$ cat target-v2.cif   # mmCIF, C-alpha atoms (C1' of nucleotides)
data_input
loop_
_atom_site.label_atom_id
_atom_site.label_comp_id
_atom_site.auth_asym_id
_atom_site.auth_seq_id
_atom_site.Cartn_x
_atom_site.Cartn_y
_atom_site.Cartn_z
CA MET A 1 63.85 18.84 109.00
CA ARG A 2 62.37 16.92 111.82
CA ARG A 3 65.20 15.92 114.06
CA ASP A 4 68.56 17.54 114.63
CA SER A 5 71.05 15.33 112.80
CA ARG A 6 74.22 17.28 113.45
CA LEU A 7 75.75 14.64 115.67
CA SER A 8 74.99 11.95 113.13
CA GLY A 9 76.30 14.18 110.36
CA VAL A 10 79.54 15.18 112.01
CA LEU A 11 80.31 11.57 112.92
CA HIS A 12 79.72 10.60 109.33
CA VAL A 13 82.24 13.22 108.27
CA LEU A 14 84.81 12.23 110.88
CA LEU A 15 84.68 8.57 109.93
CA HIS A 16 85.13 9.44 106.30
CA MET A 17 88.17 11.49 107.32
CA ALA A 18 89.52 8.51 109.24
CA GLN A 19 89.40 6.47 106.04
CA ARG A 20 91.93 8.55 104.18
CA GLU A 21 95.18 10.31 105.01
CA GLY A 22 95.58 13.99 104.34
CA ALA A 23 93.34 16.99 104.53
CA TRP A 24 89.71 16.93 103.51
CA THR A 25 88.05 20.01 102.10
CA SER A 26 84.54 21.04 103.01
CA GLU A 27 83.73 20.60 99.35
CA GLU A 28 84.70 16.94 99.36
CA MET A 29 82.87 16.28 102.58
CA ALA A 30 79.77 18.02 101.34
CA LYS A 31 79.80 15.82 98.27
CA ALA A 32 80.15 12.68 100.37
CA MET A 33 77.31 13.84 102.59
CA ASP A 34 75.12 15.22 99.83
CA THR A 35 74.91 18.62 101.44
CA ASN A 36 76.46 22.07 101.35
CA PRO A 37 80.08 22.97 102.25
CA VAL A 38 78.88 25.74 104.54
CA VAL A 39 76.80 23.29 106.51
CA ILE A 40 79.91 21.17 106.96
CA ARG A 41 82.02 24.08 108.18
CA ARG A 42 79.26 25.08 110.53
CA ILE A 43 79.02 21.75 112.31
CA MET A 44 82.81 21.33 112.31
CA ALA A 45 83.57 24.74 113.79
CA GLY A 46 82.91 23.58 117.34
CA LEU A 47 85.20 20.60 116.94
CA ARG A 48 87.98 22.85 115.77
CA ASP A 49 87.42 25.22 118.69
CA HIS A 50 87.62 22.30 121.08
CA GLY A 51 90.91 21.16 119.57
CA TYR A 52 89.69 17.96 117.98
CA LEU A 53 90.30 19.19 114.46
CA ARG A 54 92.54 21.62 112.63
CA SER A 55 91.51 23.58 109.58
CA GLU A 56 93.77 25.34 107.13
CA LYS A 57 93.09 27.76 104.34
CA GLY A 58 94.50 28.02 100.86
CA HIS A 59 96.05 25.45 98.54
CA GLY A 60 96.35 22.05 100.16
CA GLY A 61 94.19 23.28 102.98
CA GLY A 62 91.22 21.56 104.54
CA TRP A 63 90.46 19.61 107.67
CA THR A 64 92.69 17.21 109.59
CA PHE A 65 92.50 15.49 112.95
CA ALA A 66 94.21 17.13 115.90
CA CYS A 67 93.39 14.39 118.37
CA ASP A 68 93.74 10.71 119.12
CA LEU A 69 90.62 8.92 117.91
CA ASP A 70 90.99 6.64 120.87
CA LYS A 71 90.62 9.50 123.33
CA VAL A 72 87.54 11.22 121.96
CA THR A 73 84.07 9.96 122.78
CA LEU A 74 80.75 10.71 121.16
CA ARG A 75 79.95 12.71 124.25
CA ASP A 76 82.96 14.93 123.59
CA ILE A 77 81.69 15.49 120.07
CA TYR A 78 78.21 16.21 121.37
CA THR A 79 79.64 18.78 123.75
CA ALA A 80 81.69 20.35 120.98
CA LEU A 81 78.53 20.73 118.94
CA GLY A 82 77.15 22.93 121.69
CA GLU A 83 75.10 20.30 123.50
CA PRO A 84 71.96 20.54 121.40
CA THR A 85 68.66 19.59 123.00
CA LEU A 86 68.31 15.83 123.31
CA LEU A 87 64.62 15.45 124.05
CA ALA A 88 61.80 16.61 121.85
CA ILE A 89 59.33 16.76 124.71
CA GLY A 90 59.51 18.64 127.96
CA ASN A 91 57.60 20.31 130.72
CA ARG A 92 55.36 23.30 130.29
CA THR A 93 56.67 26.60 131.54
CA ASP A 94 56.63 26.63 135.29
CA MET A 95 53.58 28.21 136.84
CA PRO A 96 54.98 28.92 140.29
CA GLY A 97 52.52 28.04 143.00
CA CYS A 98 50.51 25.54 141.00
CA VAL A 99 50.79 22.35 142.97
CA VAL A 100 49.45 20.30 140.09
CA GLU A 101 52.04 21.58 137.70
CA ALA A 102 54.75 21.00 140.26
CA ALA A 103 53.67 17.37 140.59
CA VAL A 104 53.60 16.85 136.84
CA ASN A 105 56.93 18.55 136.33
CA ALA A 106 58.50 16.48 139.07
CA ALA A 107 57.24 13.20 137.66
CA LEU A 108 58.08 13.91 134.05
CA GLY A 109 61.19 15.91 134.77
CA THR A 110 62.84 13.05 136.57
CA SER A 111 62.23 10.74 133.65
CA PHE A 112 63.43 13.33 131.19
CA ASP A 113 66.62 13.94 133.14
CA GLU A 114 67.31 10.26 133.47
CA ALA A 115 66.75 9.65 129.79
CA GLU A 116 69.21 12.40 128.96
CA GLN A 117 71.76 11.04 131.38
CA PHE A 118 71.25 7.64 129.84
CA LEU A 119 72.01 8.94 126.37
CA LEU A 120 75.02 10.93 127.50
CA ALA A 121 76.38 7.92 129.33
CA ARG A 122 76.07 5.87 126.16
CA PHE A 123 77.83 8.54 124.18
CA GLY A 124 80.54 8.64 126.80
CA VAL A 125 81.67 5.07 126.32
CA VAL A 126 81.94 5.11 122.53
CA THR A 127 85.13 6.47 121.04
CA LEU A 128 85.73 7.57 117.49
CA ALA A 129 88.28 4.78 117.22
CA MET A 130 85.61 2.22 118.05
CA LEU A 131 83.37 3.55 115.32
CA ALA A 132 86.26 3.61 112.85
CA THR A 133 86.97 -0.02 113.65
CA ASP A 134 83.36 -0.86 113.03
CA VAL A 135 83.52 0.89 109.68
CA GLY A 136 86.54 -1.23 108.76
CA ARG A 137 84.72 -4.38 109.79
CA ARG A 138 81.72 -3.46 107.70
CA MET A 139 83.90 -2.69 104.69
CA LYS A 140 85.51 -6.09 104.87
CA ALA A 141 82.12 -7.72 105.05
CA HIS A 142 80.89 -5.67 102.14
CA HIS A 143 83.95 -6.10 99.88
CA PRO A 144 85.60 -9.31 101.02
CA LYS A 145 88.12 -9.16 98.11
CA HIS A 146 89.65 -5.76 98.88
CA LYS A 147 91.08 -6.34 102.29
CA GLY A 148 92.72 -3.05 103.13
CA HIS A 149 92.01 -0.58 100.42
CA LYS A 150 92.80 3.02 101.21
CA LYS A 151 91.48 5.11 98.38
CA ALA A 152 87.89 5.56 99.55
CA HIS A 153 86.74 5.14 95.96
CA GLY A 154 83.15 6.25 96.14
CA GLU A 155 82.47 4.27 99.23
CA HIS A 156 80.01 6.83 100.41
CA ALA A 157 77.24 6.36 97.89
CA MET B 1 58.14 26.77 121.33
CA ARG B 2 61.15 24.69 121.89
CA ARG B 3 59.96 21.39 123.22
CA ASP B 4 56.64 19.66 122.75
CA SER B 5 54.81 20.05 126.05
CA ARG B 6 51.56 18.35 125.18
CA LEU B 7 52.12 15.42 127.51
CA SER B 8 52.99 17.76 130.34
CA GLY B 9 50.01 19.93 129.48
CA VAL B 10 47.45 17.18 129.25
CA LEU B 11 48.60 15.68 132.53
CA HIS B 12 48.25 19.06 134.13
CA VAL B 13 44.68 19.22 132.91
CA LEU B 14 43.83 15.69 133.98
CA LEU B 15 45.13 16.23 137.49
CA HIS B 16 43.13 19.40 137.81
CA MET B 17 40.09 17.41 136.73
CA ALA B 18 40.84 14.82 139.38
CA GLN B 19 40.69 17.55 142.02
CA ARG B 20 37.07 18.39 141.47
CA GLU B 21 33.90 16.46 140.76
CA GLY B 22 31.77 17.24 137.76
CA ALA B 23 32.48 18.30 134.22
CA TRP B 24 35.21 20.73 133.31
CA THR B 25 34.83 23.01 130.34
CA SER B 26 37.68 23.78 127.96
CA GLU B 27 37.27 27.37 129.05
CA GLU B 28 37.97 26.57 132.69
CA MET B 29 40.90 24.37 131.82
CA ALA B 30 42.36 26.99 129.52
CA LYS B 31 42.19 29.51 132.32
CA ALA B 32 43.95 27.15 134.72
CA MET B 33 46.62 26.49 132.11
CA ASP B 34 46.92 30.02 130.85
CA THR B 35 46.24 29.01 127.28
CA ASN B 36 43.44 28.78 124.75
CA PRO B 37 40.35 26.53 124.93
CA VAL B 38 40.98 25.27 121.42
CA VAL B 39 44.44 24.12 122.42
CA ILE B 40 42.87 22.20 125.27
CA ARG B 41 40.32 20.50 123.04
CA ARG B 42 43.03 19.66 120.58
CA ILE B 43 45.24 17.81 123.03
CA MET B 44 42.24 16.16 124.70
CA ALA B 45 40.69 14.85 121.50
CA GLY B 46 42.94 11.81 121.40
CA LEU B 47 42.13 10.90 124.98
CA ARG B 48 38.45 11.03 124.19
CA ASP B 49 38.92 8.86 121.10
CA HIS B 50 40.81 6.33 123.20
CA GLY B 51 37.99 6.19 125.73
CA TYR B 52 39.79 7.82 128.63
CA LEU B 53 37.53 10.85 128.62
CA ARG B 54 34.01 11.80 127.67
CA SER B 55 33.03 15.18 126.33
CA GLU B 56 29.54 16.60 126.15
CA LYS B 57 28.13 19.64 124.48
CA GLY B 58 25.62 22.19 125.63
CA HIS B 59 24.57 23.35 129.06
CA GLY B 60 26.31 21.45 131.81
CA GLY B 61 28.60 19.96 129.23
CA GLY B 62 32.36 19.65 129.36
CA TRP B 63 34.90 16.95 130.07
CA THR B 64 34.66 14.03 132.48
CA PHE B 65 36.72 10.93 133.12
CA ALA B 66 35.60 7.72 131.43
CA CYS B 67 38.29 5.57 133.00
CA ASP B 68 39.77 4.37 136.25
CA LEU B 69 42.72 6.59 137.12
CA ASP B 70 44.38 3.55 138.54
CA LYS B 71 44.36 1.75 135.21
CA VAL B 72 45.75 4.45 132.96
CA THR B 73 49.49 5.05 132.70
CA LEU B 74 51.42 7.98 131.33
CA ARG B 75 52.31 5.74 128.45
CA ASP B 76 48.63 5.29 127.63
CA ILE B 77 48.26 9.04 127.61
CA TYR B 78 51.34 9.42 125.45
CA THR B 79 49.90 6.92 122.98
CA ALA B 80 46.56 8.72 122.98
CA LEU B 81 48.37 11.93 122.09
CA GLY B 82 49.57 10.27 118.91
CA GLU B 83 52.99 9.21 120.13
CA PRO B 84 54.82 12.44 119.42
CA THR B 85 58.55 12.29 118.73
CA LEU B 86 60.51 11.76 121.93
CA LEU B 87 64.03 12.59 120.83
CA ALA B 88 65.18 15.87 119.39
CA ILE B 89 68.18 14.32 117.66
CA GLY B 90 68.35 11.50 115.18
CA ASN B 91 70.20 9.96 112.29
CA ARG B 92 70.68 11.58 108.94
CA THR B 93 68.63 10.27 106.08
CA ASP B 94 69.89 6.86 105.11
CA MET B 95 72.32 6.88 102.23
CA PRO B 96 72.02 3.24 101.19
CA GLY B 97 75.37 1.73 100.38
CA CYS B 98 77.43 4.10 102.47
CA VAL B 99 79.21 1.87 104.93
CA VAL B 100 80.23 4.83 107.07
CA GLU B 101 76.70 6.06 107.43
CA ALA B 102 75.54 2.56 108.23
CA ALA B 103 78.07 2.34 111.04
CA VAL B 104 77.08 5.71 112.47
CA ASN B 105 73.40 4.96 112.22
CA ALA B 106 73.87 1.62 113.91
CA ALA B 107 75.82 3.10 116.80
CA LEU B 108 73.60 6.08 117.39
CA GLY B 109 70.37 4.35 116.44
CA THR B 110 70.79 1.74 119.13
CA SER B 111 71.27 4.40 121.77
CA PHE B 112 68.35 6.39 120.48
CA ASP B 113 66.07 3.37 120.50
CA GLU B 114 67.12 2.41 123.99
CA ALA B 115 66.60 5.91 125.31
CA GLU B 116 63.11 5.92 123.85
CA GLN B 117 62.33 2.54 125.34
CA PHE B 118 63.65 3.80 128.64
CA LEU B 119 61.30 6.74 128.62
CA LEU B 120 58.32 4.68 127.54
CA ALA B 121 59.04 2.14 130.26
CA ARG B 122 59.07 4.93 132.82
CA PHE B 123 55.80 6.25 131.53
CA GLY B 124 54.38 2.75 131.66
CA VAL B 125 54.73 2.35 135.41
CA VAL B 126 53.21 5.66 136.44
CA THR B 127 49.43 5.80 136.67
CA LEU B 128 47.26 8.88 136.80
CA ALA B 129 46.18 7.78 140.26
CA MET B 130 49.77 7.88 141.45
CA LEU B 131 50.17 11.41 140.20
CA ALA B 132 46.86 12.45 141.76
CA THR B 133 48.05 11.04 145.07
CA ASP B 134 51.22 13.03 144.76
CA VAL B 135 49.22 16.16 144.11
CA GLY B 136 47.23 15.51 147.28
CA ARG B 137 50.43 15.01 149.23
CA ARG B 138 51.86 18.26 147.94
CA MET B 139 48.69 20.13 148.75
CA LYS B 140 48.79 18.96 152.33
CA ALA B 141 52.38 20.04 152.61
CA HIS B 142 51.59 23.38 151.10
CA HIS B 143 48.41 24.10 153.09
CA PRO B 144 48.76 22.03 156.25
CA LYS B 145 45.60 23.58 157.74
CA HIS B 146 43.14 22.59 155.01
CA LYS B 147 43.38 18.84 155.16
CA GLY B 148 40.91 17.71 152.54
CA HIS B 149 39.60 20.68 150.73
CA LYS B 150 37.78 20.05 147.52
CA LYS B 151 37.03 23.36 145.92
CA ALA B 152 40.28 23.85 144.01
CA HIS B 153 40.18 27.51 144.91
CA GLY B 154 42.74 29.03 142.65
CA GLU B 155 45.27 26.32 143.36
CA HIS B 156 46.76 26.63 139.93
CA ALA B 157 48.28 30.05 140.07
"C1'" DT C 1 14.64 29.32 120.13
"C1'" DG C 2 18.56 31.08 122.38
"C1'" DT C 3 22.57 29.98 124.97
"C1'" DC C 4 26.33 27.15 125.98
"C1'" DA C 5 29.73 23.86 124.94
"C1'" DT C 6 32.37 20.98 121.91
"C1'" DG C 7 34.46 19.97 116.97
"C1'" DT C 8 37.21 21.53 113.51
"C1'" DA C 9 39.11 24.10 109.80
"C1'" DA C 10 41.98 27.85 108.67
"C1'" DC C 11 45.30 31.06 109.49
"C1'" DG C 12 49.03 33.36 112.04
"C1'" DT C 13 53.36 33.18 114.96
"C1'" DA C 14 57.71 31.57 116.76
"C1'" DT C 15 61.54 28.60 116.66
"C1'" DC C 16 65.18 26.11 114.75
"C1'" DA C 17 67.88 22.97 111.65
"C1'" DA C 18 69.30 22.95 107.18
"C1'" DG C 19 70.25 24.92 102.79
"C1'" DT C 20 71.98 28.81 100.05
"C1'" DT C 21 74.33 33.06 98.60
"C1'" DA C 22 77.77 36.37 99.13
"C1'" DC C 23 81.91 38.11 100.48
"C1'" DA C 24 86.02 38.64 103.52
"C1'" DT C 25 90.38 36.43 105.14
"C1'" DG C 26 94.43 34.16 104.40
"C1'" DA C 27 97.72 30.54 102.44
"C1'" DA C 28 100.19 28.58 98.53
"C1'" DC C 29 101.38 28.47 93.79
"C1'" DG C 30 102.76 30.65 89.45
"C1'" DC D 1 102.92 40.26 93.26
"C1'" DG D 2 98.38 38.63 92.01
"C1'" DT D 3 95.61 34.48 90.99
"C1'" DT D 4 93.57 30.53 92.92
"C1'" DC D 5 91.91 27.84 96.48
"C1'" DA D 6 90.14 27.07 100.93
"C1'" DT D 7 88.12 28.42 105.26
"C1'" DG D 8 85.13 31.94 108.24
"C1'" DT D 9 80.98 34.08 108.72
"C1'" DA D 10 76.99 36.84 108.10
"C1'" DA D 11 72.53 37.05 106.06
"C1'" DC D 12 68.78 35.17 103.93
"C1'" DT D 13 65.58 31.32 102.54
"C1'" DT D 14 63.13 27.03 103.34
"C1'" DG D 15 60.58 23.52 105.83
"C1'" DA D 16 58.61 21.49 109.78
"C1'" DT D 17 55.97 21.88 113.84
"C1'" DA D 18 53.95 23.35 118.33
"C1'" DC D 19 51.13 26.79 119.92
"C1'" DG D 20 47.89 30.60 119.59
"C1'" DT D 21 43.73 32.68 117.55
"C1'" DT D 22 39.54 33.42 114.92
"C1'" DA D 23 35.50 31.77 112.88
"C1'" DC D 24 31.84 28.91 112.32
"C1'" DA D 25 29.26 24.44 112.41
"C1'" DT D 26 27.10 20.90 115.43
"C1'" DG D 27 24.43 19.47 119.08
"C1'" DA D 28 22.33 19.66 123.92
"C1'" DC D 29 19.59 21.74 127.32
"C1'" DA D 30 16.78 25.32 129.43
#
$ encode --input "target-v2.cif" --output "structure tokens"
Amino acid sequence: MRRDSRLSGVLHVLLHMAQREGAWTSEEMAKAMDTNPVVIRRIMAGLRDHGYLRSEKGHGGGWTFACDLDKVTLRDIYTALGEPTLLAIGNRTDMPGCVVEAAVNAALGTSFDEAEQFLLARFGVVTLAMLATDVGRRMKAHHPKHKGHKKAHGEHA
Amino acid sequence: MRRDSRLSGVLHVLLHMAQREGAWTSEEMAKAMDTNPVVIRRIMAGLRDHGYLRSEKGHGGGWTFACDLDKVTLRDIYTALGEPTLLAIGNRTDMPGCVVEAAVNAALGTSFDEAEQFLLARFGVVTLAMLATDVGRRMKAHHPKHKGHKKAHGEHA
DNA sequence: TGTCATGTAACGTATCAAGTTACATGAACG
DNA sequence: CGTTCATGTAACTTGATACGTTACATGACA
């Protein structure tokens, strides 16, 4: 477990959802992602709370979109995940009064902040719809004969 | 221990070294950094191996610069530390053949790579000398009366 | 030779994502 | 109804890693 892959994971799930009509169960998603249903529900909970998804219990239950894929950006998803830490490096704890530390923190901190803003800005201009379109393009390139298949027949593995 | 602060820490040490002539012992540095001498030696080892520092044992031993502060950038230091991971988030393990995952990894991966390059580029234009100058500037501003003091009398805390 | 300093291995601690187990809640089917 | 299916969530386990600490070897200088 080196790097937090929740954003990557949840996008993977969402794009799979976009490939098929109807509700998806955590079980199905977990199978497609080679992980555990609880992990799926955990990373999806924030998206439900933010109104991007709906989840229903019981027979025929599962997860469905509650938003327009064209209106939701990767940054929205990132926020819904709880804004996990972006950078793996950072400043030491502030030692108030240490001029040296202040200088180091100022120099590095500015770069860190800018790098984070850079990433968030990138996330902000990519919508789920754009990613879904890219998936479609890649599927065509991969299976030129099946131009519009809808069954998601084991496409994940 | 949330974020890796070795770069921040080693810079802190180096700038303290730049404030005073002569060798610094790990013990002194550890005191200035409120940490353990072994931690200091650990993060400094790479810099010694890369020729930026010299370390000597025994009486009068300790750490001294073996480079021109004007020629060494933060990126050089980062490299000497072993190029620790910069980003805290990343892609899921590749599932070869999954078009969806490929699309996600491509979209996120590009942003991740660019953010890393951005940070490294920033590090590449900042030299140790520039930081040392900034420390001097801050010291003047903080103690306007002592215009050129050299004893580093408890400046750290 | 004794002291001081680095070099390094080994172990302990804290944190956090991810995986797992267990059980409660609630909806739909029979 | 009550059985089945699905989510909701708490609690625990696992793995990785930075940081802290102890212990001891190596080597230099008085």
$ interface_residues --input "target-v2.cif" --of "chain A" --to "chain C" --cutoff "12 Å" --atoms "only C-alpha atoms (C1' of nucleotides)" --output "count of residues only"
27
$ interface_residues --input "target-v2.cif" --of "chain B" --to "chain A" --cutoff "7 Å" --atoms "all atoms listed in the file" --output "compact mmCIF listing (two decimals) with C-alpha atoms, in the coordinates of the input"
# COMPACT_ATOMS: atom_id res chain seq x y z
CA ARG B 3 59.96 21.39 123.22
CA ASP B 4 56.64 19.66 122.75
CA SER B 5 54.81 20.05 126.05
CA SER B 8 52.99 17.76 130.34
CA GLY B 9 50.01 19.93 129.48
CA LEU B 11 48.60 15.68 132.53
CA HIS B 12 48.25 19.06 134.13
CA LEU B 15 45.13 16.23 137.49
CA HIS B 16 43.13 19.40 137.81
CA THR B 85 58.55 12.29 118.73
CA LEU B 86 60.51 11.76 121.93
CA LEU B 87 64.03 12.59 120.83
CA ALA B 88 65.18 15.87 119.39
CA ILE B 89 68.18 14.32 117.66
CA GLY B 90 68.35 11.50 115.18
CA ASN B 91 70.20 9.96 112.29
CA ARG B 92 70.68 11.58 108.94
CA MET B 95 72.32 6.88 102.23
CA PRO B 96 72.02 3.24 101.19
CA GLY B 97 75.37 1.73 100.38
CA CYS B 98 77.43 4.10 102.47
CA VAL B 99 79.21 1.87 104.93
CA VAL B 100 80.23 4.83 107.07
CA GLU B 101 76.70 6.06 107.43
CA ALA B 103 78.07 2.34 111.04
CA VAL B 104 77.08 5.71 112.47
CA SER B 111 71.27 4.40 121.77
CA ALA B 115 66.60 5.91 125.31
CA PHE B 118 63.65 3.80 128.64
CA LEU B 119 61.30 6.74 128.62
CA ARG B 122 59.07 4.93 132.82
CA LEU B 131 50.17 11.41 140.20
CA ASP B 134 51.22 13.03 144.76
CA VAL B 135 49.22 16.16 144.11
CA ARG B 138 51.86 18.26 147.94
CA MET B 139 48.69 20.13 148.75
CA GLU B 155 45.27 26.32 143.36
CA HIS B 156 46.76 26.63 139.93
CA ALA B 157 48.28 30.05 140.07
$ atom_distance --input "target-v2.cif" --atom1 "CA of Met44 in chain A" --atom2 "CA of Asp113 in chain A"
27.4 Å
$ resolve_selection --input "target-v2.cif" --expression "the PyMOL selection byres ((chain D) within 12 of (chain A))" --output "list of chain:residue names"
D:DT3, D:DT4, D:DC5, D:DA6, D:DT7, D:DG8, D:DT9, D:DA10, D:DT14, D:DG15, D:DA16, D:DT17, D:DA18, D:DC19
$ atom_distance --input "target-v2.cif" --atom1 "CA of Leu69 in chain A" --atom2 "CA of Lys31 in chain A"
23.5 Å
$ atom_distance --input "target-v2.cif" --atom1 "CA of Val72 in chain B" --atom2 "CA of Gly51 in chain B"
10.7 Å
